[in-house]
Amino acid sequence: MAETDYRDLSFWFDSLVGSGRDDLTPRAGLVGDQRTDVCIIGGGLTGLWTAYYLKRANPELAITIVEKHIAGFGASGRNGGWCSALFPTSTDALRRAYGDEAAIAMRRAMIDTVDEVGRVVAAEGIDCDYVKGGTLTFARSEVQLAAARGEVAAASAFGPDHLQLVTAAAGSGAGGSASGTGDAVELDRSAALVRALEATRSSAAAFDPSCARLHPAKLVRGLAEVVEKMGVVIAEQTEVVEWAPRRVLCQGEAGQSLVHCDTVVIATEGYGASLPGVRRRILPLYSLMIATEPLPAELWDELGIEHGTTFSDFRHLLVYGQRTADDRFAFGGRGARYHWGSSITPGHDRSAPVFAHLERALADLFPAVADAEITHRWGGPLGVPRDWHATASFNPRTGVAFAGGYVGDGLSTTNLAGRTLADLIGGRNTELTALPWVNHLSPKWEPEPLRFLGANFGLLGTTAADAEEALTGRPSLAARVLGPLTGH
């Protein structure tokens with residue numbers, strides 16, 4: 001990809017260049033054979049967070065990150081900017097697989113990670129528009145209201161997550177209430193939350209305080225600068241063509257380079273589908289986004305979406321959004337089909353039908369912005385393991401580490417992965433290394449054509465589930481069938 005094209009990867013990258021903050025000029029690639037302690041394949045958040053915490057634990061450690069394009073090229077620089085406590089495997093599925101104690105530990109680790117990201121960006125001076133304002137998930141039908149109540153009740157009964165049900169209940173001083181137990185508990189933000197319910201024609205919303213809005217490209221590019229100052233080498237425009245324990249063969253403009261190392265870290269997420277030794281461990285599934293023009297403050301006040309608040313609803317074909325620091329909607333969702341052979345190409349980043357779907361979905365959710373200009377359209381692949389179960393893994397015998405499979409929940413989970421891998425590689429037994437996702441091995445995806453048929457059947461199934469609920473007014477049977485296949 002030409003250097004000038006990187007700006008077009010996402011609104012986030014375009015805004016970096018437009019503000020003069022970062023011209024996205026690639027760093028130098030590797031020249032000749034190299035020796036390092038740790039070689040990290042992939043210059044996204046997983047690789048950068050791993051390097052950061054390894055260096056914090058041992059400043060003398062030699063670390064080289066090899067990246068085919070530029071730091072943040074993949075999902076790390078294109079996502080929705082949710083630093084959330086979401087984990088692709090549901091709490092119920094974690095409880096069934098590992099028991100309550102392990103599930104509680106995993107949930108607490110994810111909740112803590114939201115604050116850990118905020119702590120690091122403040123300590124390191126990474127200005128990435130981090131504001132922790134929580135997530136509103138709107139209930140816009142009776143079926144969705146039942147789902148919201150069920151989710152809040154389950155969280156209240158189990159413990160770690162502190163969800164609240166927001167309603168426009170009569171009698172609350174601010175015009176609304178929020179409850180995790182059925183009792184009305186007035187929030188300081190009740191007035192804005194109720195305006196959000198009115199703006200979206202929602203009867204209620206589940207509010208999760210464990211989420212921060214941020215600018216993902218500012219985070220990933222800022223973190224790359226931080227680790228460079230710590231002494232980490234970031235070699236861009238350097239493609240890994242082959243790897244094995246303790247060696248990584250790379251190809252760059254200067255020719256081939258063989259990196260000798262003690263530890264190899266695979267941190268490629270969806271792009272691992274194209275990497276030897278990973279391939280069918282991960283499936284690249286595309287998620288696309290749009291961004292509006294900046295909107296006036298009085299409109300945002302009417303909509304009730306404050307800075308730091310992210311939002312979604314209880315439909316099955318996922319949508320997600322945020323209010324950006326410069327007052328745009330950044331809004332995305334699923335809907336793009338899986339491409340044969342786990343194909344990843346720039347052409348897949350754009351899909352006119354999916355962009356049209358997102359524009360309709362945003363206008364339906366917030367009718368007041370139906371006429372807002374859409375200034376940016378983009379997308380990219382996220383990584384999906386066969387069982388929708390993320391992992392942070394390390395084999396001390398081979399010196400190979402792997403983290404990924406976030407299914408779109410990676411903006412915060414990458415930080416937990418980096419801390420966990422740093423402990424595993426360092427040989428430390430900690431609370432993080434005891435978490436149930438450590439050394440989890442997902443089954444491989446099926447060969448084609450089964451992979452193509454199965455992945456796209458799932459897309460059709462989630463679309464059908466929403467249509468079924470709209471038609472019948474009852475919870476979808478199709479969604480119930482798909483649940484165990486998608487980590488629920």
# chains A, B, ... in the order shown; residues from 1 in each chain; ligands from 1
call {"tool": "residues_around", "arguments": {"residues": "stretch 65-75 of chain A", "least_positions_apart": "2", "cutoff": "7 Å", "atoms": "only C-alpha atoms", "output": "count of residues only"}}
result
25
call {"tool": "closest_atom_pairs", "arguments": {"of": "stretch 237-311 of chain A", "to": "stretch 111-130 of chain A", "cutoff": "12 Å", "atoms": "only C-alpha atoms", "output": "CSV"}}
result
residue,atom,partner,partner_atom,distance
A:His307,CA,A:Asp129,CA,9.5
A:Gly308,CA,A:Tyr130,CA,7.4
A:Thr309,CA,A:Tyr130,CA,10.7
A:Thr310,CA,A:Tyr130,CA,11.8
call {"tool": "atom_distance", "arguments": {"atom1": "atom CA of A:Leu477", "atom2": "atom CA of A:Ala146"}}
result
15.1 Å
call {"tool": "atom_distance", "arguments": {"atom1": "atom CA of A:Ala212", "atom2": "atom CA of A:Ala154"}}
result
22.5 Å
call {"tool": "closest_residue", "arguments": {"among": "A:Phe331, A:Tyr320, A:Phe13, A:Tyr271", "to": "A:Asp409", "atoms": "only C-alpha atoms"}}
result
A:Tyr320
call {"tool": "select_by_dssp", "arguments": {"residues": "stretch 162-279 of chain A", "states": "alpha helix (DSSP H)", "output": "list in words"}}
result
Ser190, Ala191, Ala192, Leu193, Val194, Arg195, Ala196, Leu197, Glu198, Ala199, Thr200, Pro216, Ala217, Lys218, Leu219, Val220, Arg221, Gly222, Leu223, Ala224, Glu225, Val226, Val227, Glu228 and Lys229 of chain A
call {"tool": "atom_distance", "arguments": {"atom1": "atom CA of A:Ala392", "atom2": "atom CA of A:Thr64"}}
result
19.4 Å
call {"tool": "residues_around", "arguments": {"residues": "A:Pro294", "least_positions_apart": "2", "cutoff": "9 Å", "atoms": "only C-alpha atoms", "output": "JSON, numbers by chain"}}
result
{"A": [291, 292, 296, 324, 326, 327, 328, 329, 372, 373]}
call {"tool": "write_last_selection", "arguments": {"atoms": "N, CA and C atoms", "output": "CSV table (one decimal), in the first residue's frame"}}
result
chain,number,residue,atom,x,y,z
A,291,ALA,N,-18.8,7.7,9.6
A,291,ALA,CA,-18.7,8.8,10.5
A,291,ALA,C,-19.4,10.0,9.9
A,292,THR,N,-20.2,10.8,10.7
A,292,THR,CA,-20.9,11.9,10.2
A,292,THR,C,-20.0,13.2,10.3
A,296,PRO,N,-23.8,20.1,15.9
A,296,PRO,CA,-23.8,21.2,16.9
A,296,PRO,C,-24.1,20.7,18.3
A,324,THR,N,-17.7,11.3,19.1
A,324,THR,CA,-16.3,11.6,19.0
A,324,THR,C,-15.9,12.9,19.7
A,326,ASP,N,-14.6,15.4,18.5
A,326,ASP,CA,-15.0,16.6,17.7
A,326,ASP,C,-16.5,16.5,17.3
A,327,ASP,N,-17.3,15.8,18.1
A,327,ASP,CA,-18.8,15.9,18.0
A,327,ASP,C,-19.3,15.3,16.7
A,328,ARG,N,-18.8,14.2,16.3
A,328,ARG,CA,-19.3,13.4,15.2
A,328,ARG,C,-20.0,12.1,15.8
A,329,PHE,N,-20.8,11.5,15.0
A,329,PHE,CA,-21.1,10.1,15.3
A,329,PHE,C,-20.1,9.2,14.6
A,372,ALA,N,-27.8,14.2,8.4
A,372,ALA,CA,-26.4,14.5,8.6
A,372,ALA,C,-25.5,14.0,7.5
A,373,GLU,N,-24.5,14.7,7.1
A,373,GLU,CA,-23.6,14.2,6.0
A,373,GLU,C,-22.7,13.1,6.5
call {"tool": "closest_residue", "arguments": {"among": "A:Tyr52, A:Trp437, A:Phe355, A:Trp300", "to": "A:Gly404", "atoms": "only C-alpha atoms"}}
result
A:Trp437
call {"tool": "closest_residue", "arguments": {"among": "A:Gly32, A:Pro443, A:Gly133, A:Pro59", "to": "A:Glu253", "atoms": "only C-alpha atoms"}}
result
A:Gly32
call {"tool": "residues_around", "arguments": {"residues": "A:Asp208", "least_positions_apart": "3", "cutoff": "8 Å", "atoms": "only C-alpha atoms", "output": "list of chain:residue names"}}
result
A:Gly134, A:Thr135, A:Leu136, A:Asp161, A:His162, A:Leu163, A:Gln164, A:Cys211
call {"tool": "write_last_selection", "arguments": {"atoms": "N, CA and C atoms", "output": "PDB file, in the first residue's frame"}}
result
ATOM      1  N   GLY A 134     -19.299   5.134  30.150  1.00  0.00           N
ATOM      2  CA  GLY A 134     -20.194   3.986  30.161  1.00  0.00           C
ATOM      3  C   GLY A 134     -20.877   3.747  28.822  1.00  0.00           C
ATOM      4  N   THR A 135     -21.603   2.645  28.759  1.00  0.00           N
ATOM      5  CA  THR A 135     -22.319   2.241  27.547  1.00  0.00           C
ATOM      6  C   THR A 135     -23.814   2.167  27.814  1.00  0.00           C
ATOM      7  N   LEU A 136     -24.602   2.744  26.917  1.00  0.00           N
ATOM      8  CA  LEU A 136     -26.047   2.602  26.915  1.00  0.00           C
ATOM      9  C   LEU A 136     -26.437   1.595  25.836  1.00  0.00           C
ATOM     10  N   ASP A 161     -20.191  -7.340  37.491  1.00  0.00           N
ATOM     11  CA  ASP A 161     -20.633  -6.257  36.617  1.00  0.00           C
ATOM     12  C   ASP A 161     -21.779  -5.494  37.275  1.00  0.00           C
ATOM     13  N   HIS A 162     -21.688  -4.165  37.204  1.00  0.00           N
ATOM     14  CA  HIS A 162     -22.676  -3.323  37.878  1.00  0.00           C
ATOM     15  C   HIS A 162     -23.556  -2.628  36.841  1.00  0.00           C
ATOM     16  N   LEU A 163     -24.381  -3.409  36.174  1.00  0.00           N
ATOM     17  CA  LEU A 163     -25.302  -2.869  35.188  1.00  0.00           C
ATOM     18  C   LEU A 163     -26.517  -2.261  35.873  1.00  0.00           C
ATOM     19  N   GLN A 164     -27.108  -1.275  35.191  1.00  0.00           N
ATOM     20  CA  GLN A 164     -28.291  -0.621  35.718  1.00  0.00           C
ATOM     21  C   GLN A 164     -29.320  -0.497  34.602  1.00  0.00           C
ATOM     22  N   CYS A 211     -16.980   1.321  30.572  1.00  0.00           N
ATOM     23  CA  CYS A 211     -16.570   1.555  29.188  1.00  0.00           C
ATOM     24  C   CYS A 211     -16.122   2.998  29.049  1.00  0.00           C
TER      25      CYS A 211
END
call {"tool": "closest_residue", "arguments": {"among": "A:Gly426, A:Pro245, A:Gly255, A:Gly473", "to": "A:Gly277", "atoms": "only C-alpha atoms"}}
result
A:Pro245
call {"tool": "residues_around", "arguments": {"residues": "stretch 17-22 of chain A", "least_positions_apart": "5", "cutoff": "10 Å", "atoms": "only C-alpha atoms", "output": "MDAnalysis selection string"}}
result
chainID A and resid 6:7 12 217:218 221:222
call {"tool": "residues_around", "arguments": {"residues": "stretch 393-397 of chain A", "least_positions_apart": "6", "cutoff": "10 Å", "atoms": "only C-alpha atoms", "output": "list in words"}}
result
Pro245, Asp262, Thr263, Val264, Val265, Ile266, Ala403, Gly404, Ala417, Thr420, Leu421, Ala422, Asp423, Leu424, Ile425, Gly426, Gly427, Thr433, Trp437, Val438, Asn439, His440 and Leu441 of chain A
call {"tool": "select_by_dssp", "arguments": {"residues": "stretch 177-297 of chain A", "states": "strand (DSSP E)", "output": "ChimeraX atom specification"}}
result
/A:177-179,204-208,211-213,233-235,238-244,247-252,255-260,263-266,283-292
call {"tool": "write_last_selection", "arguments": {"atoms": "C-alpha atoms", "output": "mmCIF file, in the first residue's frame"}}
result
data_model
loop_
_atom_site.group_PDB
_atom_site.id
_atom_site.type_symbol
_atom_site.label_atom_id
_atom_site.label_comp_id
_atom_site.auth_asym_id
_atom_site.auth_seq_id
_atom_site.Cartn_x
_atom_site.Cartn_y
_atom_site.Cartn_z
ATOM 1 C CA SER A 177 -34.295 6.115 37.044
ATOM 2 C CA ALA A 178 -31.602 3.499 36.930
ATOM 3 C CA SER A 179 -31.757 0.251 38.778
ATOM 4 C CA ALA A 204 -35.354 1.533 28.583
ATOM 5 C CA ALA A 205 -31.624 0.932 28.327
ATOM 6 C CA ALA A 206 -29.056 -1.154 30.128
ATOM 7 C CA PHE A 207 -26.264 1.089 31.405
ATOM 8 C CA ASP A 208 -22.792 -0.390 31.925
ATOM 9 C CA CYS A 211 -16.570 1.555 29.188
ATOM 10 C CA ALA A 212 -14.586 4.544 27.959
ATOM 11 C CA ARG A 213 -14.784 6.351 24.650
ATOM 12 C CA VAL A 233 12.541 -1.415 17.780
ATOM 13 C CA ILE A 234 9.503 -1.106 15.491
ATOM 14 C CA ALA A 235 10.339 -2.288 11.978
ATOM 15 C CA THR A 238 8.493 -5.649 7.010
ATOM 16 C CA GLU A 239 6.438 -8.725 6.172
ATOM 17 C CA VAL A 240 6.839 -12.032 8.012
ATOM 18 C CA VAL A 241 7.000 -14.808 5.422
ATOM 19 C CA GLU A 242 7.857 -17.666 7.761
ATOM 20 C CA TRP A 243 8.381 -18.251 11.450
ATOM 21 C CA ALA A 244 9.335 -21.043 13.813
ATOM 22 C CA ARG A 247 13.405 -17.428 14.489
ATOM 23 C CA VAL A 248 11.349 -15.171 12.218
ATOM 24 C CA LEU A 249 12.046 -14.741 8.488
ATOM 25 C CA CYS A 250 11.047 -11.324 7.160
ATOM 26 C CA GLN A 251 10.897 -9.639 3.769
ATOM 27 C CA GLY A 252 11.284 -5.906 3.349
ATOM 28 C CA GLY A 255 15.549 -7.909 1.132
ATOM 29 C CA GLN A 256 15.178 -10.790 3.553
ATOM 30 C CA SER A 257 16.103 -10.630 7.215
ATOM 31 C CA LEU A 258 16.280 -13.513 9.667
ATOM 32 C CA VAL A 259 15.498 -12.540 13.250
ATOM 33 C CA HIS A 260 16.965 -14.825 15.906
ATOM 34 C CA THR A 263 10.594 -15.643 22.251
ATOM 35 C CA VAL A 264 8.196 -15.190 19.319
ATOM 36 C CA VAL A 265 4.899 -13.401 19.976
ATOM 37 C CA ILE A 266 2.105 -13.822 17.422
ATOM 38 C CA LEU A 283 -11.258 -16.285 10.804
ATOM 39 C CA PRO A 284 -11.194 -12.709 9.455
ATOM 40 C CA LEU A 285 -14.689 -11.236 9.691
ATOM 41 C CA TYR A 286 -15.235 -7.696 8.457
ATOM 42 C CA SER A 287 -16.842 -4.921 10.471
ATOM 43 C CA LEU A 288 -17.555 -1.594 8.779
ATOM 44 C CA MET A 289 -18.046 1.953 10.032
ATOM 45 C CA ILE A 290 -19.257 5.401 9.038
ATOM 46 C CA ALA A 291 -18.695 8.848 10.541
ATOM 47 C CA THR A 292 -20.886 11.929 10.239
#
call {"tool": "decode", "arguments": {"residues": "stretch 102-146 of chain A", "atoms": "N, CA and C atoms", "output": "CSV table (one decimal), in the first residue's frame"}}
result
chain,number,residue,atom,x,y,z
A,102,ALA,N,-13.7,-18.7,38.6
A,102,ALA,CA,-12.9,-18.3,37.5
A,102,ALA,C,-13.6,-17.3,36.6
A,103,ALA,N,-14.9,-17.5,36.5
A,103,ALA,CA,-15.7,-16.5,35.7
A,103,ALA,C,-15.7,-15.1,36.4
A,104,ILE,N,-15.8,-15.1,37.7
A,104,ILE,CA,-15.7,-13.8,38.4
A,104,ILE,C,-14.3,-13.2,38.2
A,105,ALA,N,-13.3,-14.0,38.3
A,105,ALA,CA,-11.9,-13.4,38.1
A,105,ALA,C,-11.8,-12.9,36.7
A,106,MET,N,-12.3,-13.5,35.7
A,106,MET,CA,-12.2,-13.0,34.3
A,106,MET,C,-13.0,-11.7,34.2
A,107,ARG,N,-14.2,-11.7,34.7
A,107,ARG,CA,-15.0,-10.4,34.6
A,107,ARG,C,-14.3,-9.3,35.4
A,108,ARG,N,-13.8,-9.5,36.5
A,108,ARG,CA,-13.1,-8.5,37.3
A,108,ARG,C,-11.8,-8.0,36.5
A,109,ALA,N,-11.1,-8.9,35.9
A,109,ALA,CA,-9.9,-8.5,35.2
A,109,ALA,C,-10.3,-7.6,34.0
A,110,MET,N,-11.4,-7.9,33.3
A,110,MET,CA,-11.8,-7.1,32.2
A,110,MET,C,-12.3,-5.7,32.7
A,111,ILE,N,-13.0,-5.7,33.8
A,111,ILE,CA,-13.5,-4.4,34.3
A,111,ILE,C,-12.3,-3.5,34.7
A,112,ASP,N,-11.3,-4.1,35.4
A,112,ASP,CA,-10.1,-3.4,35.8
A,112,ASP,C,-9.3,-2.9,34.7
A,113,THR,N,-9.4,-3.6,33.5
A,113,THR,CA,-8.6,-3.3,32.4
A,113,THR,C,-9.0,-1.9,31.8
A,114,VAL,N,-10.3,-1.6,31.9
A,114,VAL,CA,-10.8,-0.3,31.4
A,114,VAL,C,-10.1,0.8,32.1
A,115,ASP,N,-9.9,0.7,33.4
A,115,ASP,CA,-9.2,1.7,34.2
A,115,ASP,C,-7.7,1.7,34.0
A,116,GLU,N,-7.2,0.5,33.8
A,116,GLU,CA,-5.7,0.4,33.5
A,116,GLU,C,-5.3,1.1,32.2
A,117,VAL,N,-6.1,1.0,31.2
A,117,VAL,CA,-5.8,1.8,30.0
A,117,VAL,C,-5.9,3.3,30.3
A,118,GLY,N,-6.9,3.7,31.0
A,118,GLY,CA,-6.9,5.1,31.4
A,118,GLY,C,-5.8,5.5,32.2
A,119,ARG,N,-5.3,4.7,33.1
A,119,ARG,CA,-4.2,5.0,34.0
A,119,ARG,C,-2.9,5.2,33.1
A,120,VAL,N,-2.7,4.2,32.2
A,120,VAL,CA,-1.5,4.3,31.4
A,120,VAL,C,-1.4,5.5,30.4
A,121,VAL,N,-2.6,5.8,29.8
A,121,VAL,CA,-2.6,6.9,28.8
A,121,VAL,C,-2.3,8.2,29.6
A,122,ALA,N,-2.8,8.3,30.8
A,122,ALA,CA,-2.6,9.5,31.6
A,122,ALA,C,-1.1,9.6,32.0
A,123,ALA,N,-0.6,8.4,32.5
A,123,ALA,CA,0.8,8.4,33.0
A,123,ALA,C,1.8,8.7,31.9
A,124,GLU,N,1.5,8.2,30.7
A,124,GLU,CA,2.4,8.3,29.6
A,124,GLU,C,2.2,9.5,28.7
A,125,GLY,N,1.1,10.3,29.0
A,125,GLY,CA,0.8,11.4,28.2
A,125,GLY,C,0.3,11.1,26.8
A,126,ILE,N,-0.4,10.0,26.7
A,126,ILE,CA,-1.0,9.7,25.4
A,126,ILE,C,-2.4,10.4,25.3
A,127,ASP,N,-2.5,11.4,24.5
A,127,ASP,CA,-3.8,12.1,24.4
A,127,ASP,C,-4.6,11.4,23.3
A,128,CYS,N,-5.6,10.5,23.8
A,128,CYS,CA,-6.4,9.7,22.9
A,128,CYS,C,-7.9,9.9,23.2
A,129,ASP,N,-8.2,11.0,23.8
A,129,ASP,CA,-9.7,11.4,24.0
A,129,ASP,C,-10.4,10.4,24.9
A,130,TYR,N,-9.6,9.8,25.8
A,130,TYR,CA,-10.2,8.8,26.8
A,130,TYR,C,-11.1,9.5,27.7
A,131,VAL,N,-12.4,9.1,27.7
A,131,VAL,CA,-13.4,9.6,28.7
A,131,VAL,C,-14.2,8.4,29.0
A,132,LYS,N,-14.3,8.1,30.3
A,132,LYS,CA,-15.1,6.9,30.8
A,132,LYS,C,-16.5,7.4,31.1
A,133,GLY,N,-17.4,7.1,30.2
A,133,GLY,CA,-18.8,7.5,30.4
A,133,GLY,C,-19.8,6.4,30.3
A,134,GLY,N,-19.3,5.1,30.1
A,134,GLY,CA,-20.2,4.0,30.2
A,134,GLY,C,-20.9,3.7,28.8
A,135,THR,N,-21.6,2.6,28.8
A,135,THR,CA,-22.3,2.2,27.5
A,135,THR,C,-23.8,2.2,27.8
A,136,LEU,N,-24.6,2.7,26.9
A,136,LEU,CA,-26.0,2.6,26.9
A,136,LEU,C,-26.4,1.6,25.8
A,137,THR,N,-27.1,0.5,26.2
A,137,THR,CA,-27.7,-0.4,25.2
A,137,THR,C,-29.2,-0.3,25.3
A,138,PHE,N,-29.7,0.3,24.2
A,138,PHE,CA,-31.1,0.6,24.2
A,138,PHE,C,-32.0,-0.6,23.9
A,139,ALA,N,-33.2,-0.5,24.6
A,139,ALA,CA,-34.3,-1.5,24.4
A,139,ALA,C,-35.4,-0.8,23.6
A,140,ARG,N,-35.6,-1.2,22.4
A,140,ARG,CA,-36.5,-0.5,21.5
A,140,ARG,C,-37.7,-1.3,21.1
A,141,SER,N,-38.0,-2.4,21.8
A,141,SER,CA,-39.2,-3.2,21.6
A,141,SER,C,-39.4,-4.0,22.9
A,142,GLU,N,-40.6,-4.6,23.0
A,142,GLU,CA,-40.8,-5.4,24.2
A,142,GLU,C,-39.8,-6.6,24.3
A,143,VAL,N,-39.4,-7.2,23.2
A,143,VAL,CA,-38.5,-8.3,23.2
A,143,VAL,C,-37.1,-7.7,23.7
A,144,GLN,N,-36.7,-6.6,23.2
A,144,GLN,CA,-35.5,-6.0,23.7
A,144,GLN,C,-35.5,-5.5,25.1
A,145,LEU,N,-36.7,-5.1,25.6
A,145,LEU,CA,-36.9,-4.7,27.0
A,145,LEU,C,-36.7,-5.9,27.9
A,146,ALA,N,-37.3,-7.0,27.5
A,146,ALA,CA,-37.1,-8.2,28.3
A,146,ALA,C,-35.6,-8.7,28.3
